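Peer 1: This is the structure I want to talk about, given as structure tokens.
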Amino acid sequence: MISDITLGQFFPGFSTVHRLDPRTKILLATAFIVCVFLANNAVSFLLLTLFTLWLIPTAHISFSVIAKSIKPLIVILIFTSILNIFMTKGASDPLVSFWVLEIYTEGLVRALFMSVRVIILIIGTSLFLTYTTSPISLTDGLESLLHPLTYLHVPVHIFSMMMSIALRFIPTLVEETEKIMNAQKSRGADFSSGGLIRRAKALIPLIVPLFASAFKRAEELATAMECRCYRVDKKRTKLVKLTFHARDVLWMLLLVLLLGVVIALRILPNHVSSDALWYRILFYSI
Amino acid sequence: MNKIEIKQVSFVYSKGTPFEKKALDGVDVAFEAGMITGLIGHTGSGKSTLVNLLNGLYKPTEGQVFLDGCDIWEHPKEIAKVRFRVGLVMQYPEYQLFDDTVRSDIGFAPRNLGLPKEEIDRRVAEAARFTGIDDELLDKSPFELSGGQKRRVAIAGVLAMDPEVLVLDEPAAGLDPRGRREILGGLSLYAREKGKTVILVSHSMEDMAFYCDRVVVMDHAHVFRCGTTEQIFSDPEALTDIGLDVPEVAAIATRLCKAGVPLQGPLYTVEQVYEALRRVKEGRV
């Protein structure tokens, strides 16, 4: 079923991560992304992987949910790994070579690093943002973080309202799609066989009602907002004021530390972060 | 004879996630051929889930669904054939309309069946007749119609498949009393005339009492009671215990009986209670 998609879904809960301020979580996620992209050696990746593995139970998210969210990526990962393995040329002799294909240690390492990078990137950002933060508080946090831009006459409030409406209606639209799909299947519609053109044509009975109802919904929502005197140019007060707590500071320090270590490992002299050394340790130990 | 039989069926939504929810739990129920069977129960009692299992939109987590004695999931690739034999009208079906004209929207299912043009036209005309759609509406866009008319077109779109079994999930929800009578009346006429098996989900006990031969009562993912309409409504306390209503006239009759009026026979439609009261009165006079 379509509604079983886990990527980008919020799991309500009361873990430490859940209770962090949404602004903190946005900053943490950003710092984490920077860490993942700065990491260029085995130690950094090991560190980040351990951090991610520790984060999963800390956020009270089950490993099966994580596994499910990674599943759709597997095909892409395998494909790019194969490309990386065969296309990378190394300095030393190839490990294996047959016909025109040659596999170098560098290729293997690069494929491994790339896969780890993508996987922990997805898991880490989902854990900080979508899994543990409700869409509403996420947009609240974003609005608050972007607030300084209002001095440059950027309509931050309008953007955040549009974003929260869009986020709010994703599950509704998914549900609606499933409902319409089932109704048309009950009338013998076939969405899953035939060639490309046939399949595209088969989508018409799905897309037309979906658009019709989306427009109707938008109009109703606009009317409802106007009935409650919503005005874009008026300042609105918040029901829940965002406040930073001690735990927010602690988590930020933790991520700053992580970022520091990753940067240090990147610029430290060769003999510590020497990639060749770590490749050897990594591969002989496996 | 049983047209559809459900054996030990369980259904779990979002299995293996934190949102897991058991909507049906070991349900055994049978729907008799040529009968109109009502399906009642609270919101969330599993009615709609059950309905979606009947034509193979959902696959049971456990258990089997039999159509004419054959397991519908025996050949999963041929489940589309089952959907043509068991016509399902969903709740608020007007959102499924999509085509340029009412005529071609009703003809969507027959076209999917691959029927010749004359047969499609014949079926569209017949379906329009039973659902009370005027000829002049057939060439309009379905998006121009009123809510009640859209509902009729959506139901006609399923009737046009000429299914052996017709499953209707609250076909009259949100309609005014007249639209209600017309739609349900047309459907029951269709069923009786063509000898179809009908399963009718409804919240209205009056509709159940008036249109249905048999009633299945669902409660908390289980079948609570099933039997003839008379059997089900002869025990109003059982229904009120699980928080359902009985037809208003049945409630009045029950109170009259308790007050010592010796009413006899089935007492769940206005006519029956009227007759019973008349007999009591004549007996006394």
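Residue numbering restarts at 1 for every chain of the structure tokens, chains are lettered A, B, ... in their displayed order, and ligands are numbered from 1 as they appear.
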Would you kindly report the residues of chain A within 10 Å of chain B, using only C-alpha atoms, as an MDAnalysis selection string?
Peer 2: chainID A and resid 1 3:6 11:12 61:62 64:65 68 176 179:190 204:210 212:213
Peer 1: Put those residues in a file: N, CA, C and O atoms, as a short mmCIF file (atom, residue, chain, number, x, y, z; two decimals), in the first residue's frame.
Peer 2:
```
data_model
loop_
_atom_site.label_atom_id
_atom_site.label_comp_id
_atom_site.auth_asym_id
_atom_site.auth_seq_id
_atom_site.Cartn_x
_atom_site.Cartn_y
_atom_site.Cartn_z
N MET A 1 0.83 -1.21 0.00
CA MET A 1 0.00 0.00 0.00
C MET A 1 0.87 1.26 0.00
O MET A 1 1.94 1.26 0.59
N SER A 3 0.45 4.04 1.49
CA SER A 3 0.57 4.71 2.79
C SER A 3 1.61 4.05 3.68
O SER A 3 1.90 4.53 4.76
N ASP A 4 2.19 2.94 3.23
CA ASP A 4 3.22 2.28 4.03
C ASP A 4 4.60 2.91 3.83
O ASP A 4 5.56 2.53 4.49
N ILE A 5 4.70 3.87 2.92
CA ILE A 5 5.97 4.56 2.69
C ILE A 5 6.43 5.19 3.99
O ILE A 5 5.67 5.89 4.65
N THR A 6 7.71 4.93 4.37
CA THR A 6 8.14 5.48 5.66
C THR A 6 8.97 6.73 5.50
O THR A 6 9.04 7.55 6.39
N PHE A 11 7.02 10.02 13.47
CA PHE A 11 6.63 9.05 14.49
C PHE A 11 6.55 9.76 15.84
O PHE A 11 7.59 10.07 16.42
N PRO A 12 5.35 10.03 16.32
CA PRO A 12 5.23 10.77 17.58
C PRO A 12 5.94 10.02 18.72
O PRO A 12 5.97 8.79 18.72
N ILE A 61 13.45 5.16 17.65
CA ILE A 61 12.96 4.70 16.35
C ILE A 61 13.47 3.27 16.17
O ILE A 61 14.63 2.99 16.48
N SER A 62 12.58 2.37 15.72
CA SER A 62 13.01 0.98 15.63
C SER A 62 13.88 0.76 14.39
O SER A 62 13.73 1.45 13.38
N SER A 64 13.78 -1.60 12.33
CA SER A 64 13.05 -2.08 11.16
C SER A 64 12.51 -0.89 10.33
O SER A 64 12.47 -0.95 9.11
N VAL A 65 12.13 0.18 11.01
CA VAL A 65 11.67 1.38 10.30
C VAL A 65 12.81 1.94 9.47
O VAL A 65 12.65 2.30 8.30
N LYS A 68 13.50 -0.14 6.45
CA LYS A 68 12.49 0.09 5.43
C LYS A 68 12.76 1.37 4.64
O LYS A 68 12.53 1.42 3.44
N GLU A 176 -5.88 10.07 -0.56
CA GLU A 176 -6.84 10.31 -1.63
C GLU A 176 -6.47 9.51 -2.87
O GLU A 176 -7.31 8.91 -3.52
N LYS A 179 -7.38 6.00 -2.45
CA LYS A 179 -8.83 5.82 -2.50
C LYS A 179 -9.32 5.81 -3.96
O LYS A 179 -10.06 4.92 -4.37
N ILE A 180 -8.85 6.80 -4.74
CA ILE A 180 -9.28 6.88 -6.13
C ILE A 180 -8.78 5.67 -6.92
O ILE A 180 -9.50 5.08 -7.71
N MET A 181 -7.53 5.29 -6.63
CA MET A 181 -6.95 4.13 -7.31
C MET A 181 -7.82 2.90 -7.06
O MET A 181 -8.13 2.15 -7.99
N ASN A 182 -8.21 2.71 -5.80
CA ASN A 182 -9.04 1.55 -5.47
C ASN A 182 -10.39 1.63 -6.16
O ASN A 182 -10.90 0.61 -6.64
N ALA A 183 -10.96 2.84 -6.22
CA ALA A 183 -12.27 2.98 -6.86
C ALA A 183 -12.16 2.62 -8.34
O ALA A 183 -13.02 1.93 -8.88
N GLN A 184 -11.09 3.10 -8.99
CA GLN A 184 -10.96 2.81 -10.43
C GLN A 184 -10.58 1.35 -10.66
O GLN A 184 -11.01 0.76 -11.64
N LYS A 185 -9.81 0.77 -9.75
CA LYS A 185 -9.50 -0.66 -9.88
C LYS A 185 -10.78 -1.46 -9.78
O LYS A 185 -10.94 -2.47 -10.45
N SER A 186 -11.70 -1.00 -8.92
CA SER A 186 -12.99 -1.69 -8.78
C SER A 186 -13.78 -1.62 -10.07
O SER A 186 -14.69 -2.40 -10.28
N ARG A 187 -13.47 -0.63 -10.92
CA ARG A 187 -14.14 -0.54 -12.21
C ARG A 187 -13.27 -1.14 -13.31
O ARG A 187 -13.44 -0.84 -14.48
N GLY A 188 -12.30 -1.94 -12.90
CA GLY A 188 -11.51 -2.68 -13.86
C GLY A 188 -10.34 -1.93 -14.45
O GLY A 188 -9.75 -2.37 -15.44
N ALA A 189 -9.96 -0.78 -13.86
CA ALA A 189 -8.80 -0.06 -14.36
C ALA A 189 -7.55 -0.88 -14.05
O ALA A 189 -7.47 -1.54 -13.03
N ASP A 190 -6.59 -0.83 -14.98
CA ASP A 190 -5.37 -1.60 -14.81
C ASP A 190 -4.19 -0.64 -14.83
O ASP A 190 -3.89 -0.04 -15.85
N ILE A 204 -4.92 8.58 -16.46
CA ILE A 204 -5.90 9.67 -16.59
C ILE A 204 -7.04 9.53 -15.58
O ILE A 204 -7.34 10.49 -14.87
N PRO A 205 -7.66 8.35 -15.46
CA PRO A 205 -8.75 8.23 -14.49
C PRO A 205 -8.30 8.46 -13.05
O PRO A 205 -9.13 8.60 -12.17
N LEU A 206 -7.00 8.45 -12.81
CA LEU A 206 -6.49 8.71 -11.47
C LEU A 206 -6.19 10.19 -11.28
O LEU A 206 -6.53 10.80 -10.26
N ILE A 207 -5.55 10.79 -12.31
CA ILE A 207 -5.05 12.15 -12.17
C ILE A 207 -6.18 13.18 -12.23
O ILE A 207 -6.19 14.13 -11.45
N VAL A 208 -7.14 12.99 -13.13
CA VAL A 208 -8.23 13.97 -13.25
C VAL A 208 -8.99 14.14 -11.93
O VAL A 208 -9.10 15.25 -11.43
N PRO A 209 -9.48 13.05 -11.31
CA PRO A 209 -10.18 13.25 -10.03
C PRO A 209 -9.28 13.81 -8.94
O PRO A 209 -9.73 14.58 -8.10
N LEU A 210 -7.99 13.43 -8.99
CA LEU A 210 -7.07 13.90 -7.96
C LEU A 210 -6.91 15.42 -8.04
O LEU A 210 -6.97 16.13 -7.03
N ALA A 212 -9.05 17.49 -9.54
CA ALA A 212 -10.35 18.09 -9.25
C ALA A 212 -10.51 18.26 -7.74
O ALA A 212 -10.89 19.34 -7.26
N SER A 213 -10.17 17.23 -6.99
CA SER A 213 -10.40 17.33 -5.55
C SER A 213 -9.36 18.22 -4.88
O SER A 213 -9.66 18.90 -3.90
#
```
Peer 1: Give me, as a list of chain:residue names, all polymer residues having an atom no more than 12 Å from Met162 of chain A, counting only C-alpha atoms and skipping those fewer than 2 positions away in the same chain.
Peer 2: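 Here the answer would be A:Ile136, A:Thr139, A:Asp140, A:Glu143, A:Pro155, A:Val156, A:His157, A:Ile158, A:Phe159, A:Ser160, A:Ser164, A:Ile165, A:Ala166, A:Leu167, A:Arg168, A:Phe169, A:Ala218, A:Ala222, A:Val232.
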Peer 1: Store the residues of this selection in a file with C-alpha atoms, as a PDB file, in the first residue's frame.
Peer 2:
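Dumped everything to out-v2.pdb:
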```pdb
ATOM      1  CA  ILE A 136       4.099  21.894  11.967  1.00  0.00           C
ATOM      2  CA  THR A 139       7.977  24.854   9.682  1.00  0.00           C
ATOM      3  CA  ASP A 140       7.725  26.857  12.909  1.00  0.00           C
ATOM      4  CA  GLU A 143      10.222  30.327  10.046  1.00  0.00           C
ATOM      5  CA  PRO A 155       8.051  37.301   2.896  1.00  0.00           C
ATOM      6  CA  VAL A 156       9.215  34.530   5.226  1.00  0.00           C
ATOM      7  CA  HIS A 157       5.792  34.150   6.797  1.00  0.00           C
ATOM      8  CA  ILE A 158       4.075  33.492   3.459  1.00  0.00           C
ATOM      9  CA  PHE A 159       6.666  30.889   2.539  1.00  0.00           C
ATOM     10  CA  SER A 160       6.341  29.113   5.839  1.00  0.00           C
ATOM     11  CA  SER A 164       3.131  24.036   6.285  1.00  0.00           C
ATOM     12  CA  ILE A 165       0.026  23.719   4.117  1.00  0.00           C
ATOM     13  CA  ALA A 166       1.941  21.678   1.557  1.00  0.00           C
ATOM     14  CA  LEU A 167       3.380  19.390   4.242  1.00  0.00           C
ATOM     15  CA  ARG A 168       0.022  19.088   5.969  1.00  0.00           C
ATOM     16  CA  PHE A 169      -1.651  17.888   2.771  1.00  0.00           C
ATOM     17  CA  ALA A 218      -7.610  24.487  -1.909  1.00  0.00           C
ATOM     18  CA  ALA A 222      -8.858  29.463   1.427  1.00  0.00           C
ATOM     19  CA  VAL A 232      -0.855  37.692   5.123  1.00  0.00           C
TER      20      VAL A 232
END
```
Peer 1: For Leu175 of chain B, which of B:Arg214, B:Glu206, B:Tyr92, B:Thr61 is the closest residue, counting only C-alpha atoms?
Peer 2: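 Counting only C-alpha atoms, the residue closest to Leu175 of chain B is B:Tyr92.
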Peer 1: Which residues, written as a ChimeraX atom specification, have at least one atom at most 12 Å from Lys140 of chain B, with only C-alpha atoms counted and residues fewer than 3 positions away on the same chain left out?
Peer 2: /B:99-105,133-137,143-146,149-150,153
Peer 1: Only C-alpha atoms, please: the residues just picked out, written as a CSV table (one decimal), in the first residue's frame.
Peer 2:
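Result file is out-v9.csv:
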```csv
chain,number,residue,atom,x,y,z
B,99,ASP,CA,-14.4,11.4,-18.1
B,100,ASP,CA,-15.6,14.1,-20.5
B,101,THR,CA,-19.3,13.0,-20.4
B,102,VAL,CA,-21.5,11.1,-18.0
B,103,ARG,CA,-22.1,8.6,-20.7
B,104,SER,CA,-18.4,7.7,-21.2
B,105,ASP,CA,-17.8,7.7,-17.5
B,133,ILE,CA,-30.3,9.4,-14.5
B,134,ASP,CA,-32.2,11.4,-17.2
B,135,ASP,CA,-31.1,11.0,-20.9
B,136,GLU,CA,-30.2,14.7,-21.2
B,137,LEU,CA,-27.6,14.3,-18.4
B,143,PHE,CA,-18.2,17.9,-13.1
B,144,GLU,CA,-21.3,20.1,-13.9
B,145,LEU,CA,-23.7,17.9,-11.9
B,146,SER,CA,-25.1,18.3,-8.4
B,149,GLN,CA,-26.5,13.4,-9.5
B,150,LYS,CA,-22.8,12.7,-9.2
B,153,VAL,CA,-23.5,8.5,-12.0
```
Peer 1: Give me, as a list in words, all polymer residues having an atom no more than 10 Å from Leu112 of chain A, counting only C-alpha atoms and skipping those fewer than 3 positions away in the same chain.
Peer 2: Ala42, Leu77, Ser81, Asn84, Ile85, Glu106, Gly107, Leu108, Val109, Ser115, Val116 and Arg117 of chain A
Peer 1: Based on the selection just made, write all heavy atoms of those residues as a PDB file, in the first residue's frame.
Peer 2:
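Output contents, as saved in result.pdb:
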```pdb
ATOM      1  N   ALA A  42      38.554   6.828   6.721  1.00  0.00           N
ATOM      2  CA  ALA A  42      37.852   5.742   7.411  1.00  0.00           C
ATOM      3  C   ALA A  42      37.482   6.099   8.840  1.00  0.00           C
ATOM      4  O   ALA A  42      36.395   5.767   9.301  1.00  0.00           O
ATOM      5  CB  ALA A  42      38.708   4.484   7.393  1.00  0.00           C
ATOM      6  N   LEU A  77      22.235   2.519  -4.853  1.00  0.00           N
ATOM      7  CA  LEU A  77      23.535   2.291  -4.205  1.00  0.00           C
ATOM      8  C   LEU A  77      24.340   1.223  -4.937  1.00  0.00           C
ATOM      9  O   LEU A  77      25.522   1.408  -5.213  1.00  0.00           O
ATOM     10  CB  LEU A  77      23.320   1.868  -2.744  1.00  0.00           C
ATOM     11  CG  LEU A  77      22.934   2.996  -1.801  1.00  0.00           C
ATOM     12  CD1 LEU A  77      22.722   2.470  -0.399  1.00  0.00           C
ATOM     13  CD2 LEU A  77      24.010   4.076  -1.796  1.00  0.00           C
ATOM     14  N   SER A  81      27.758   1.940  -6.830  1.00  0.00           N
ATOM     15  CA  SER A  81      28.920   1.215  -6.312  1.00  0.00           C
ATOM     16  C   SER A  81      29.628   0.482  -7.431  1.00  0.00           C
ATOM     17  O   SER A  81      30.857   0.516  -7.539  1.00  0.00           O
ATOM     18  CB  SER A  81      28.493   0.200  -5.244  1.00  0.00           C
ATOM     19  OG  SER A  81      28.008   0.873  -4.127  1.00  0.00           O
ATOM     20  N   ASN A  84      31.543   2.924  -9.439  1.00  0.00           N
ATOM     21  CA  ASN A  84      32.729   3.362  -8.709  1.00  0.00           C
ATOM     22  C   ASN A  84      33.822   2.307  -8.716  1.00  0.00           C
ATOM     23  O   ASN A  84      34.993   2.610  -8.906  1.00  0.00           O
ATOM     24  CB  ASN A  84      32.366   3.680  -7.256  1.00  0.00           C
ATOM     25  CG  ASN A  84      32.022   5.146  -7.085  1.00  0.00           C
ATOM     26  OD1 ASN A  84      32.703   5.994  -7.653  1.00  0.00           O
ATOM     27  ND2 ASN A  84      30.979   5.426  -6.352  1.00  0.00           N
ATOM     28  N   ILE A  85      33.411   1.051  -8.512  1.00  0.00           N
ATOM     29  CA  ILE A  85      34.399  -0.023  -8.422  1.00  0.00           C
ATOM     30  C   ILE A  85      35.152  -0.190  -9.730  1.00  0.00           C
ATOM     31  O   ILE A  85      36.371  -0.326  -9.761  1.00  0.00           O
ATOM     32  CB  ILE A  85      33.705  -1.345  -8.000  1.00  0.00           C
ATOM     33  CG1 ILE A  85      33.283  -1.259  -6.536  1.00  0.00           C
ATOM     34  CG2 ILE A  85      34.638  -2.536  -8.212  1.00  0.00           C
ATOM     35  CD1 ILE A  85      32.435  -2.415  -6.068  1.00  0.00           C
ATOM     36  N   GLU A 106      41.399   1.463  -4.486  1.00  0.00           N
ATOM     37  CA  GLU A 106      40.787   2.783  -4.397  1.00  0.00           C
ATOM     38  C   GLU A 106      39.317   2.750  -4.789  1.00  0.00           C
ATOM     39  O   GLU A 106      38.486   3.406  -4.163  1.00  0.00           O
ATOM     40  CB  GLU A 106      41.528   3.793  -5.288  1.00  0.00           C
ATOM     41  CG  GLU A 106      42.844   4.285  -4.724  1.00  0.00           C
ATOM     42  CD  GLU A 106      44.006   3.342  -5.035  1.00  0.00           C
ATOM     43  OE1 GLU A 106      43.755   2.206  -5.483  1.00  0.00           O
ATOM     44  OE2 GLU A 106      45.168   3.747  -4.846  1.00  0.00           O
ATOM     45  N   GLY A 107      39.013   1.965  -5.830  1.00  0.00           N
ATOM     46  CA  GLY A 107      37.630   1.872  -6.300  1.00  0.00           C
ATOM     47  C   GLY A 107      36.733   1.275  -5.231  1.00  0.00           C
ATOM     48  O   GLY A 107      35.649   1.782  -4.944  1.00  0.00           O
ATOM     49  N   LEU A 108      37.235   0.183  -4.613  1.00  0.00           N
ATOM     50  CA  LEU A 108      36.455  -0.473  -3.565  1.00  0.00           C
ATOM     51  C   LEU A 108      36.190   0.490  -2.415  1.00  0.00           C
ATOM     52  O   LEU A 108      35.070   0.630  -1.928  1.00  0.00           O
ATOM     53  CB  LEU A 108      37.202  -1.706  -3.042  1.00  0.00           C
ATOM     54  CG  LEU A 108      37.185  -2.926  -3.948  1.00  0.00           C
ATOM     55  CD1 LEU A 108      38.024  -4.037  -3.333  1.00  0.00           C
ATOM     56  CD2 LEU A 108      35.760  -3.407  -4.166  1.00  0.00           C
ATOM     57  N   VAL A 109      37.260   1.185  -2.006  1.00  0.00           N
ATOM     58  CA  VAL A 109      37.144   2.103  -0.880  1.00  0.00           C
ATOM     59  C   VAL A 109      36.172   3.235  -1.220  1.00  0.00           C
ATOM     60  O   VAL A 109      35.300   3.590  -0.428  1.00  0.00           O
ATOM     61  CB  VAL A 109      38.523   2.667  -0.509  1.00  0.00           C
ATOM     62  CG1 VAL A 109      38.383   3.811   0.486  1.00  0.00           C
ATOM     63  CG2 VAL A 109      39.404   1.585   0.052  1.00  0.00           C
ATOM     64  N   SER A 115      28.663   4.657  -0.367  1.00  0.00           N
ATOM     65  CA  SER A 115      27.458   4.003   0.149  1.00  0.00           C
ATOM     66  C   SER A 115      27.205   4.423   1.593  1.00  0.00           C
ATOM     67  O   SER A 115      26.083   4.774   1.966  1.00  0.00           O
ATOM     68  CB  SER A 115      27.601   2.485   0.080  1.00  0.00           C
ATOM     69  OG  SER A 115      27.924   2.102  -1.222  1.00  0.00           O
ATOM     70  N   VAL A 116      28.263   4.369   2.410  1.00  0.00           N
ATOM     71  CA  VAL A 116      28.116   4.747   3.818  1.00  0.00           C
ATOM     72  C   VAL A 116      27.638   6.188   3.909  1.00  0.00           C
ATOM     73  O   VAL A 116      26.739   6.520   4.687  1.00  0.00           O
ATOM     74  CB  VAL A 116      29.450   4.562   4.574  1.00  0.00           C
ATOM     75  CG1 VAL A 116      29.343   5.150   5.968  1.00  0.00           C
ATOM     76  CG2 VAL A 116      29.816   3.110   4.640  1.00  0.00           C
ATOM     77  N   ARG A 117      28.223   7.042   3.081  1.00  0.00           N
ATOM     78  CA  ARG A 117      27.874   8.462   3.111  1.00  0.00           C
ATOM     79  C   ARG A 117      26.371   8.661   2.853  1.00  0.00           C
ATOM     80  O   ARG A 117      25.678   9.309   3.618  1.00  0.00           O
ATOM     81  CB  ARG A 117      28.701   9.208   2.057  1.00  0.00           C
ATOM     82  CG  ARG A 117      28.430  10.689   1.998  1.00  0.00           C
ATOM     83  CD  ARG A 117      29.382  11.356   1.040  1.00  0.00           C
ATOM     84  NE  ARG A 117      30.660  11.675   1.669  1.00  0.00           N
ATOM     85  CZ  ARG A 117      31.791  11.876   1.000  1.00  0.00           C
ATOM     86  NH1 ARG A 117      31.802  11.735  -0.309  1.00  0.00           N
ATOM     87  NH2 ARG A 117      32.890  12.191   1.642  1.00  0.00           N
TER      88      ARG A 117
END
```
Peer 1: Residues at most 9 Å from segment 250-262 of chain B, counting only C-alpha atoms, excluding those fewer than 4 positions away in the same chain, as number ranges by chain?
Peer 2: B: 233-234, 236, 245-246, 267-270, 273, 276-277, 280
Peer 1: Using N, CA, C and O atoms, can you write the selected residues to a file as a compact mmCIF listing (two decimals), in the first residue's frame?
Peer 2:
```txt
# COMPACT_ATOMS: atom_id res chain seq x y z
N PHE B 233 -33.38 -7.71 14.67
CA PHE B 233 -34.10 -6.62 15.32
C PHE B 233 -35.07 -7.09 16.40
O PHE B 233 -35.68 -6.27 17.08
N SER B 234 -35.20 -8.42 16.56
CA SER B 234 -36.07 -8.89 17.63
C SER B 234 -35.36 -8.81 18.99
O SER B 234 -35.97 -9.03 20.02
N PRO B 236 -33.52 -5.98 20.51
CA PRO B 236 -32.98 -4.62 20.46
C PRO B 236 -31.93 -4.35 21.54
O PRO B 236 -31.00 -3.58 21.30
N ASP B 245 -28.08 1.68 17.32
CA ASP B 245 -29.50 1.98 17.46
C ASP B 245 -30.33 0.82 16.91
O ASP B 245 -29.82 -0.03 16.22
N VAL B 246 -31.61 0.83 17.22
CA VAL B 246 -32.54 -0.03 16.49
C VAL B 246 -33.44 0.92 15.74
O VAL B 246 -33.48 2.11 16.05
N LEU B 267 -41.47 -6.83 14.53
CA LEU B 267 -41.83 -5.44 14.86
C LEU B 267 -40.69 -4.49 14.55
O LEU B 267 -40.12 -3.91 15.45
N TYR B 268 -40.31 -4.38 13.29
CA TYR B 268 -39.22 -3.45 13.01
C TYR B 268 -39.51 -2.49 11.86
O TYR B 268 -38.68 -1.66 11.52
N THR B 269 -40.67 -2.61 11.21
CA THR B 269 -41.04 -1.56 10.24
C THR B 269 -42.37 -0.96 10.69
O THR B 269 -43.10 -1.57 11.49
N VAL B 270 -42.64 0.24 10.18
CA VAL B 270 -43.86 0.94 10.57
C VAL B 270 -45.09 0.09 10.26
O VAL B 270 -45.99 -0.05 11.09
N VAL B 273 -45.62 -2.81 12.84
CA VAL B 273 -46.09 -2.35 14.14
C VAL B 273 -47.54 -1.88 14.03
O VAL B 273 -48.37 -2.14 14.91
N ALA B 276 -49.68 -4.93 13.98
CA ALA B 276 -49.71 -5.56 15.31
C ALA B 276 -50.62 -4.76 16.25
O ALA B 276 -51.43 -5.34 16.98
N LEU B 277 -50.52 -3.44 16.17
CA LEU B 277 -51.36 -2.59 17.02
C LEU B 277 -52.84 -2.77 16.65
O LEU B 277 -53.70 -2.83 17.52
N VAL B 280 -54.18 -5.96 18.07
CA VAL B 280 -54.41 -5.82 19.51
C VAL B 280 -55.72 -5.08 19.75
O VAL B 280 -56.56 -5.49 20.55
```
Peer 1: In segment 3-236 of chain A, what's alpha helix (DSSP H) per DSSP? Answer as a ChimeraX atom specification?
Peer 2: /A:16-19,22-38,42-58,63-70,74-87,105-128,135-146,156-186,196-202,204-227
Peer 1: Write out as number ranges by chain the residues lying within 10 Å of Phe14 of chain A, counting only C-alpha atoms and excluding same-chain residues fewer than 5 positions away.
Peer 2: A: 19-20, 59-60, 132
Peer 1: One number please: atom CA of Ile6 of chain B to atom CA of Leu24 of chain B, in Å, one decimal.
Peer 2: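 So the two atoms, atom CA of Ile6 of chain B and atom CA of Leu24 of chain B, lie 11.5 Å apart.
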Peer 1: To test your reading of the structure, identify every residue in segment 99-233 of chain B that backbone DSSP assigns to strand (DSSP E), and report it as a list in words.
Peer 2: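 Put together, the selection reads Val165, Leu166, Val167, Leu168, Asp169, Thr197, Val198, Ile199, Leu200, Val201, Arg214, Val215, Val216, Val217, Met218, Asp219, His222, Val223, Phe224, Arg225, Cys226, Gly227 and Thr228 of chain B.
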Peer 1: Which one of B:Ala172, B:Glu118, B:Val223, B:Leu184 sits closest to Ser10 of chain B if you count only C-alpha atoms?
Peer 2: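 Nearest to Ser10 of chain B: B:Val223.
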Peer 1: Residues at most 12 Å from Phe113 of chain A, counting only C-alpha atoms, excluding those fewer than 6 positions away in the same chain, as a PyMOL selection string?
Peer 2: chain A and resi 36-46+48-49+77+80-81+84-85+106-107+119-121+275+279+282
Peer 1: Next, the residues of the selection above should be written as an mmCIF file, in the first residue's frame with C-alpha atoms.
Peer 2:
```cif
data_model
loop_
_atom_site.group_PDB
_atom_site.id
_atom_site.type_symbol
_atom_site.label_atom_id
_atom_site.label_comp_id
_atom_site.auth_asym_id
_atom_site.auth_seq_id
_atom_site.Cartn_x
_atom_site.Cartn_y
_atom_site.Cartn_z
ATOM 1 C CA VAL A 36 29.117 13.699 6.267
ATOM 2 C CA PHE A 37 30.363 15.639 3.272
ATOM 3 C CA LEU A 38 33.623 16.706 4.922
ATOM 4 C CA ALA A 39 34.444 13.163 5.998
ATOM 5 C CA ASN A 40 37.075 11.720 3.697
ATOM 6 C CA ASN A 41 38.736 8.978 5.680
ATOM 7 C CA ALA A 42 37.852 5.742 7.411
ATOM 8 C CA VAL A 43 38.083 7.125 10.963
ATOM 9 C CA SER A 44 35.628 9.907 10.261
ATOM 10 C CA PHE A 45 33.206 7.532 8.585
ATOM 11 C CA LEU A 46 33.502 5.047 11.434
ATOM 12 C CA LEU A 48 29.802 9.121 11.985
ATOM 13 C CA THR A 49 28.414 5.608 11.544
ATOM 14 C CA LEU A 77 23.535 2.291 -4.205
ATOM 15 C CA THR A 80 26.717 3.593 -8.287
ATOM 16 C CA SER A 81 28.920 1.215 -6.312
ATOM 17 C CA ASN A 84 32.729 3.362 -8.709
ATOM 18 C CA ILE A 85 34.399 -0.023 -8.422
ATOM 19 C CA GLU A 106 40.787 2.783 -4.397
ATOM 20 C CA GLY A 107 37.630 1.872 -6.300
ATOM 21 C CA ILE A 119 23.052 5.782 4.015
ATOM 22 C CA ILE A 120 24.063 7.740 7.108
ATOM 23 C CA LEU A 121 23.052 10.981 5.425
ATOM 24 C CA ASP A 275 44.134 6.708 3.733
ATOM 25 C CA TYR A 279 42.423 0.956 3.856
ATOM 26 C CA LEU A 282 40.028 -1.965 7.143
#
```
Peer 1: So, counting only C-alpha atoms, which residue among B:Asn2, B:Gly41, B:Val12, B:Ile36 is closest to His222 of chain B?
Peer 2: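 Result for the nearest residue to His222 of chain B: B:Gly41.
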Peer 1: For atom CA of Asp139 of chain B and atom CA of Val124 of chain B, determine how far apart the two atoms are, in Å to one decimal place.
Peer 2: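 Taking atom CA of Asp139 of chain B as the start and atom CA of Val124 of chain B as the end point, the length is 12.1 Å.
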